[in-house]
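Heads up: the structure comes next, in structure tokens.
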Amino acid sequence: MIVAAQEAGAVTAPTVPLWLLIVVPLVGSAVLLLAGRRSDRWGHLLATAVCGATFVMGLVLLSQLLGLGGEDRRLGQQVYEWIPVGDLQVDFGLLLDPLSVCFVLLITGVGTLVHVYSIGYMDHDEDRRRFFAYLNLFIAAMLLLVLADSYLLLYVGWEGVGLASMLLIGFWGHVPEYATAAKKAFVVNRVGDVGLGLAVMAMFATIGAVGFDEVRAAAGQMSSGTVTAICLLLLLAAAGKSAQFPLHVWLPDAMAGPTPASALIHAATMVTAGVYLVARSSALFDLSPAARTTAMWMGVITILIGAVIACAQDDLKKVLAYSTISQIGYMMLGVGIGKAGYALGIFHLLTHGFFKALMFLGAGSVMHGLHNETDMRRMGNLRKHMKLTWLTFTAGWLAIIGFPLTAGFFSKDQILETSFLEGHFVLWALALLGAGLTAFYMSRLYFMTFWGSERFGSDVHPHESPAVMTVPLAILAVLSLVGGAALNWKAEGQLAHFLEPVFGSPEAHHDGALTPIQLTIITLLVVAAGAGLAFLRYARQPVPVTAPVAVLPTVTWARKKLYFDTIYESVVMRPGQYLARTLVFVDGRGVDGAVNGAAALVGGSSGRLRRIQTGFVRSYALGMLGGAVVLVAALVLVRF
């Protein structure tokens with residue numbers, strides 16, 4: 001066992017106790033759940049105020065961090081001794097550094113906007129109080145995940161997020177389809193959680209500690225095989241939580257939950273936890289080229305899977321879900337590049353939180369105006385009836401396709417540029433293809449929903465959402481347009497410089513055959529081609545109300561989600577069901593049968609034997625005589 005050395009910068013006491021960031025939303029959730037129906041009239045206001053207060057505390061802590069220099073930008077707090085057992089000494093400690101503060105502000109900032117939006121969206125739901133309680137619970141669990149100073153405490157937040165997300169996805173669990181989606185999300189995530197659990201065990205077995213600082217200090221003393229094994233286990237965990245190949249299948253079904261939950265969980269926070277895990281473990285991934293290569297290929301494969309399937313989906317929210325899967329693939333590609341890409345992956349994570357939360361909430365606004373309709377074939381020309389929703393959604397659409405100077409242009413294009421300059425030409429080409437497909441399917445969604453002819457029928461009257469829903473849309477629209485420039489206003493990258501204490505200085509790019517300007521022009525041409533094709537097909541031509549017969553087999557495959565669900569059902573689910581039924585049969589007929597059979601034998605024999613106990617003296621005398629005769633006869637036979 002390697003003895004971990006403590007190697008980290010100075011830790012400053014925070015002006016606001018870090019545990020308050022977790023306890024405040026946790027108490028809010030507890031109050032709403034325990035107060036019951038008595039909080040129906042004010043519960044949503046309490047939950048929103050709680051989340052807003054947490055965001056303000058995050059801003060105060062950010063200002064304190066900015067007042068510190070370089071390696072000293074670390075705020076830490078030991079809450080109590082958590083596990084003092086033998087060699088395993090783990091404190092309940094919290095850490096706020098440049099990486100975690102980015103997530104704190106994203107979680108609480110976008111979370112507050114989602115809470116405000118939900119006041120209008122869930123206005124007529126009789127269980128609105130419970131929904132806001134689950135939102136607060138999710139915020140608390142996610143904050144614990146990103147503030148933990150050890151992998152073991154991170155694991156607690158990791159599982160808490162899984163629980164809260166299942167509760168939100170299955171909020172309308174009285175509908176069997178929604179309950180099934182919640183179970184699917186929970187089960188698939190448990191597969192990834194096994195990887196995180198094994199990684200934590202491997203760390204303790206190797207270095208005798210599980211704290212971030214201890215692991216970082218002792219990483220160089222581990223063997224290359226051990227480092228790679230731990231990194232691959234962490235990637236398995238990241239694949240589950242961030243819906244990456246091959247564990248991406250749960251996210252589209254998770255759209256069964258209320259749309260605000262989709263915006264919070266599956267766009268801005270939970271699904272990016274896997275990217276956070278890889279970035280937080282950068283000291284390990286720096287020592288394992290094999291693990292980084294695996295992360296990059298996993299990201300690129302996921303980019304293409306999500307993009308191809310999204311091109312053939314007609315459900316508004318499912319297109320956005322597959323888009324999320326694909327965009328997180330870009331983040332995974334970024335952090336997989338290494339020192340030159342860690343900050344870029346986090347950069348795209350933040351900008352994606354802006355524009356994807358915007359588009360999910362925009363989709364909810366469309367559903368609100370169309371009586372929960374999600375089929376884009378039954379929409380069209382909504383810009384005429386829902387101008388604010390259309391304008392704000394336009395900002396999100398421009399950002400995700402990478403229109404110049406929008407948030408996505410700065411973040412996603414830098415990942416593509418860096419992958420090329422670092423010599424990963426095949427990965428760059430595949431990711432570039434994904435960018436073209438993204439422009440196509442997102443433009444397809446945009447034109448089918450807001451342009452073209454009206455296909456929603458005369459009995460439907462679209463209307464704009466109330467201000468409590470459109471104001472968060474406007475704020476997110478502004479962030480989607482200028483957020484990338486704000487985070488990247490310096491030539492060397494303001495965010496990258498801010499994150500240097502965590503990742504170190506980015507390594508210089510290798511010389512490439514193309515300059516950054518040329519790479520940007522190529523990307524814009526590919527994006528323009530994808531968007532132009534969608535415009536010609538879905539804005540200039542009529543959209544059929546029913547899906548046409550697929551001409552190419554690939555279209556059918558895409559509509560069937562590339563048969564991943566079918567494959568997993570055949571290879572994993574059905575054999576698992578058969579195995580369970582076999583074990584139930586063996587248990588019922590074998591184990592329980594033997595026990596019950598023995599009891600039945602004793603009981604049956606006793607019932608029959610007791611019949612000879614008649615209670616008559618003459619019967620007993622006759623029995624004694626018969627026994628004596630048998631005994632005498634036996635003695636005579638033995639004698640002679």
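Every chain in the structure tokens takes a letter, A first, then B, and so on in the order presented; its residues are numbered from 1, and the ligands are numbered from 1 following the presented order.
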
Write out as a PyMOL selection string which residues come within 9 Å of range 473-480 of chain A when counting only C-alpha atoms, dropping same-chain ones fewer than 2 positions away.
-> chain A and resi 110+113+117+351-359+361-362+388-389+391-396+398-400+406-408+469-471+482-484+486

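Using only C-alpha atoms, the protein and nucleic acid residues lying no more than 9 Å from Leu370 in chain A, apart from those fewer than 3 places from it along its own chain, are Ser365, Val366, Met367, Glu373, Thr374, Met379, Phe456, Val460, His461, Pro462 and His463 of chain A.
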
If you run DSSP over the backbone, which residues in range 80-213 of chain A end up strand (DSSP E or B)? Put them as an NGL selection string.
-> :A and (80-85 or 88-96 or 148 or 150 or 211)

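Nearest to Leu344 in chain A of all the residues A:Trp390, A:Ile207, A:Phe447, A:Phe503 is A:Phe503, counting only C-alpha atoms.
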
Proximity to Val114 in chain A - best of A:Phe132, A:Tyr330, A:Trp42, A:Phe403, only C-alpha atoms | A:Phe132

Find the residue from A:Leu287, A:Ala10, A:Leu251, A:Leu433 that sits nearest to Leu304 in chain A; use only C-alpha atoms when measuring.
-> A:Leu433

List the neighbours of range 559-570 of chain A out to 9 Å using only C-alpha atoms; skip same-chain residues closer than 5 positions along the sequence, and give me the result as a list of chain:residue names.
-> A:Pro246, A:Val249, A:Ile305, A:Gly306, A:Val308, A:Ile309, A:Ala310, A:Cys311, A:Ala312, A:Gln313, A:Asp314, A:Thr554, A:Pro575

Residue contacts of Arg540 in chain A (8 Å, only C-alpha atoms) excluding same-chain residues fewer than 4 positions away, as a VMD selection string | chain A and resid 452 535 to 536

Just the selected residues (C-alpha atoms), exported as a PDB file, in the first residue's frame, please.
```
ATOM      1  CA  GLY A 452     -43.939  26.120 -42.186  1.00  0.00           C
ATOM      2  CA  PHE A 535     -34.111  24.580 -44.367  1.00  0.00           C
ATOM      3  CA  LEU A 536     -34.720  23.259 -47.872  1.00  0.00           C
TER       4      LEU A 536
END
```

Pairwise distance, CA of Leu32 in chain A with CA of Leu96 in chain A, equals 28.3 Å

Could you name the residues that touch Ser419 in chain A at 9 Å or less, counting only C-alpha atoms, but leaving out those on the same chain fewer than 2 positions away, as a VMD selection string?
-> chain A and resid 333 to 334 337 341 414 to 417 421 to 425 427 to 428

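Here CA of Val555 in chain A is placed at a distance of 20.4 Å from CA of Ala431 in chain A.
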
Enumerate, as JSON, numbers by chain, the complete set of residues in range 233-476 of chain A that a backbone-based DSSP assignment places in alpha helix (DSSP H).
-> {"A": [233, 234, 235, 236, 237, 238, 239, 240, 241, 250, 251, 252, 253, 259, 260, 261, 262, 263, 273, 274, 275, 276, 277, 278, 279, 280, 282, 283, 284, 285, 289, 290, 291, 292, 293, 294, 295, 296, 297, 298, 299, 300, 301, 302, 303, 304, 305, 306, 307, 308, 309, 310, 316, 317, 318, 319, 320, 321, 322, 323, 324, 325, 326, 327, 328, 329, 330, 331, 332, 333, 334, 335, 336, 337, 342, 343, 344, 345, 346, 347, 348, 349, 350, 351, 352, 353, 354, 355, 356, 357, 358, 359, 360, 361, 362, 363, 364, 365, 366, 367, 368, 369, 387, 388, 389, 390, 391, 392, 393, 394, 395, 396, 397, 398, 399, 400, 401, 407, 408, 409, 410, 411, 412, 413, 414, 415, 416, 417, 418, 419, 420, 421, 425, 426, 427, 428, 429, 430, 431, 432, 433, 434, 435, 436, 437, 438, 439, 440, 441, 442, 443, 444, 445, 446, 447, 448, 449, 450, 467, 468, 469, 470, 471, 472, 473, 474, 475, 476]}

What's the 10 Å shell around Leu247 in chain A, counting only C-alpha atoms, without same-chain residues fewer than 6 positions away, as a PyMOL selection string?
-> chain A and resi 185+188-189+191-192+236-241+302+564

Write the residues of the preceding selection, restricted to N, CA and C atoms, as a PDB file, in the first residue's frame.
```
ATOM      1  N   ALA A 185     -33.884   4.390 -15.802  1.00  0.00           N
ATOM      2  CA  ALA A 185     -32.817   5.335 -15.483  1.00  0.00           C
ATOM      3  C   ALA A 185     -32.064   4.894 -14.237  1.00  0.00           C
ATOM      4  N   VAL A 188     -29.916   1.508 -15.051  1.00  0.00           N
ATOM      5  CA  VAL A 188     -28.753   1.739 -15.920  1.00  0.00           C
ATOM      6  C   VAL A 188     -27.681   2.529 -15.176  1.00  0.00           C
ATOM      7  N   ASN A 189     -28.102   3.500 -14.378  1.00  0.00           N
ATOM      8  CA  ASN A 189     -27.122   4.267 -13.611  1.00  0.00           C
ATOM      9  C   ASN A 189     -26.420   3.420 -12.569  1.00  0.00           C
ATOM     10  N   VAL A 191     -25.415   0.461 -12.997  1.00  0.00           N
ATOM     11  CA  VAL A 191     -24.312  -0.220 -13.687  1.00  0.00           C
ATOM     12  C   VAL A 191     -23.064   0.645 -13.646  1.00  0.00           C
ATOM     13  N   GLY A 192     -23.216   1.925 -13.960  1.00  0.00           N
ATOM     14  CA  GLY A 192     -22.075   2.831 -13.893  1.00  0.00           C
ATOM     15  C   GLY A 192     -21.576   3.030 -12.472  1.00  0.00           C
ATOM     16  N   LEU A 236     -16.441   4.187 -16.686  1.00  0.00           N
ATOM     17  CA  LEU A 236     -17.691   3.429 -16.634  1.00  0.00           C
ATOM     18  C   LEU A 236     -18.731   4.203 -15.836  1.00  0.00           C
ATOM     19  N   ALA A 237     -18.312   4.756 -14.696  1.00  0.00           N
ATOM     20  CA  ALA A 237     -19.230   5.571 -13.897  1.00  0.00           C
ATOM     21  C   ALA A 237     -19.693   6.795 -14.679  1.00  0.00           C
ATOM     22  N   ALA A 238     -18.759   7.446 -15.373  1.00  0.00           N
ATOM     23  CA  ALA A 238     -19.112   8.629 -16.156  1.00  0.00           C
ATOM     24  C   ALA A 238     -20.075   8.283 -17.280  1.00  0.00           C
ATOM     25  N   ALA A 239     -19.887   7.123 -17.911  1.00  0.00           N
ATOM     26  CA  ALA A 239     -20.778   6.709 -18.998  1.00  0.00           C
ATOM     27  C   ALA A 239     -22.204   6.539 -18.495  1.00  0.00           C
ATOM     28  N   GLY A 240     -22.353   6.014 -17.284  1.00  0.00           N
ATOM     29  CA  GLY A 240     -23.695   5.833 -16.740  1.00  0.00           C
ATOM     30  C   GLY A 240     -24.362   7.149 -16.408  1.00  0.00           C
ATOM     31  N   LYS A 241     -23.681   7.996 -15.666  1.00  0.00           N
ATOM     32  CA  LYS A 241     -24.307   9.236 -15.208  1.00  0.00           C
ATOM     33  C   LYS A 241     -24.463  10.241 -16.343  1.00  0.00           C
ATOM     34  N   THR A 302     -20.380   8.509 -29.095  1.00  0.00           N
ATOM     35  CA  THR A 302     -21.643   9.012 -28.554  1.00  0.00           C
ATOM     36  C   THR A 302     -22.147  10.214 -29.342  1.00  0.00           C
ATOM     37  N   PHE A 564     -30.546  -0.225 -30.092  1.00  0.00           N
ATOM     38  CA  PHE A 564     -29.841  -0.445 -28.827  1.00  0.00           C
ATOM     39  C   PHE A 564     -30.776  -1.028 -27.776  1.00  0.00           C
TER      40      PHE A 564
END
```

So which residues touch Leu99 in chain A within 8 Å, counting only C-alpha atoms, skipping near sequence neighbours fewer than 5 positions away, as a ChimeraX atom specification?
-> /A:280,499,502

Output N, CA, C and O atoms for every residue in the selection just made, as a JSON list (two decimals), in the first residue's frame.
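Output file part-v5.json is given in full below:
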```json
[["chain", "number", "residue", "atom", "x", "y", "z"],
["A", 280, "ARG", "N", -12.19, 16.12, -12.49],
["A", 280, "ARG", "CA", -11.67, 16.12, -11.13],
["A", 280, "ARG", "C", -10.54, 15.10, -10.97],
["A", 280, "ARG", "O", -9.65, 15.28, -10.14],
["A", 499, "LEU", "N", -9.11, 28.13, -14.33],
["A", 499, "LEU", "CA", -9.05, 26.73, -13.93],
["A", 499, "LEU", "C", -7.63, 26.18, -13.85],
["A", 499, "LEU", "O", -7.45, 25.00, -13.52],
["A", 502, "VAL", "N", -6.37, 23.98, -10.97],
["A", 502, "VAL", "CA", -6.88, 22.60, -10.91],
["A", 502, "VAL", "C", -6.21, 21.72, -11.96],
["A", 502, "VAL", "O", -5.77, 20.60, -11.66]]
```

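Between CA of Val194 in chain A and CA of Glu177 in chain A lies a distance of 26.4 Å.
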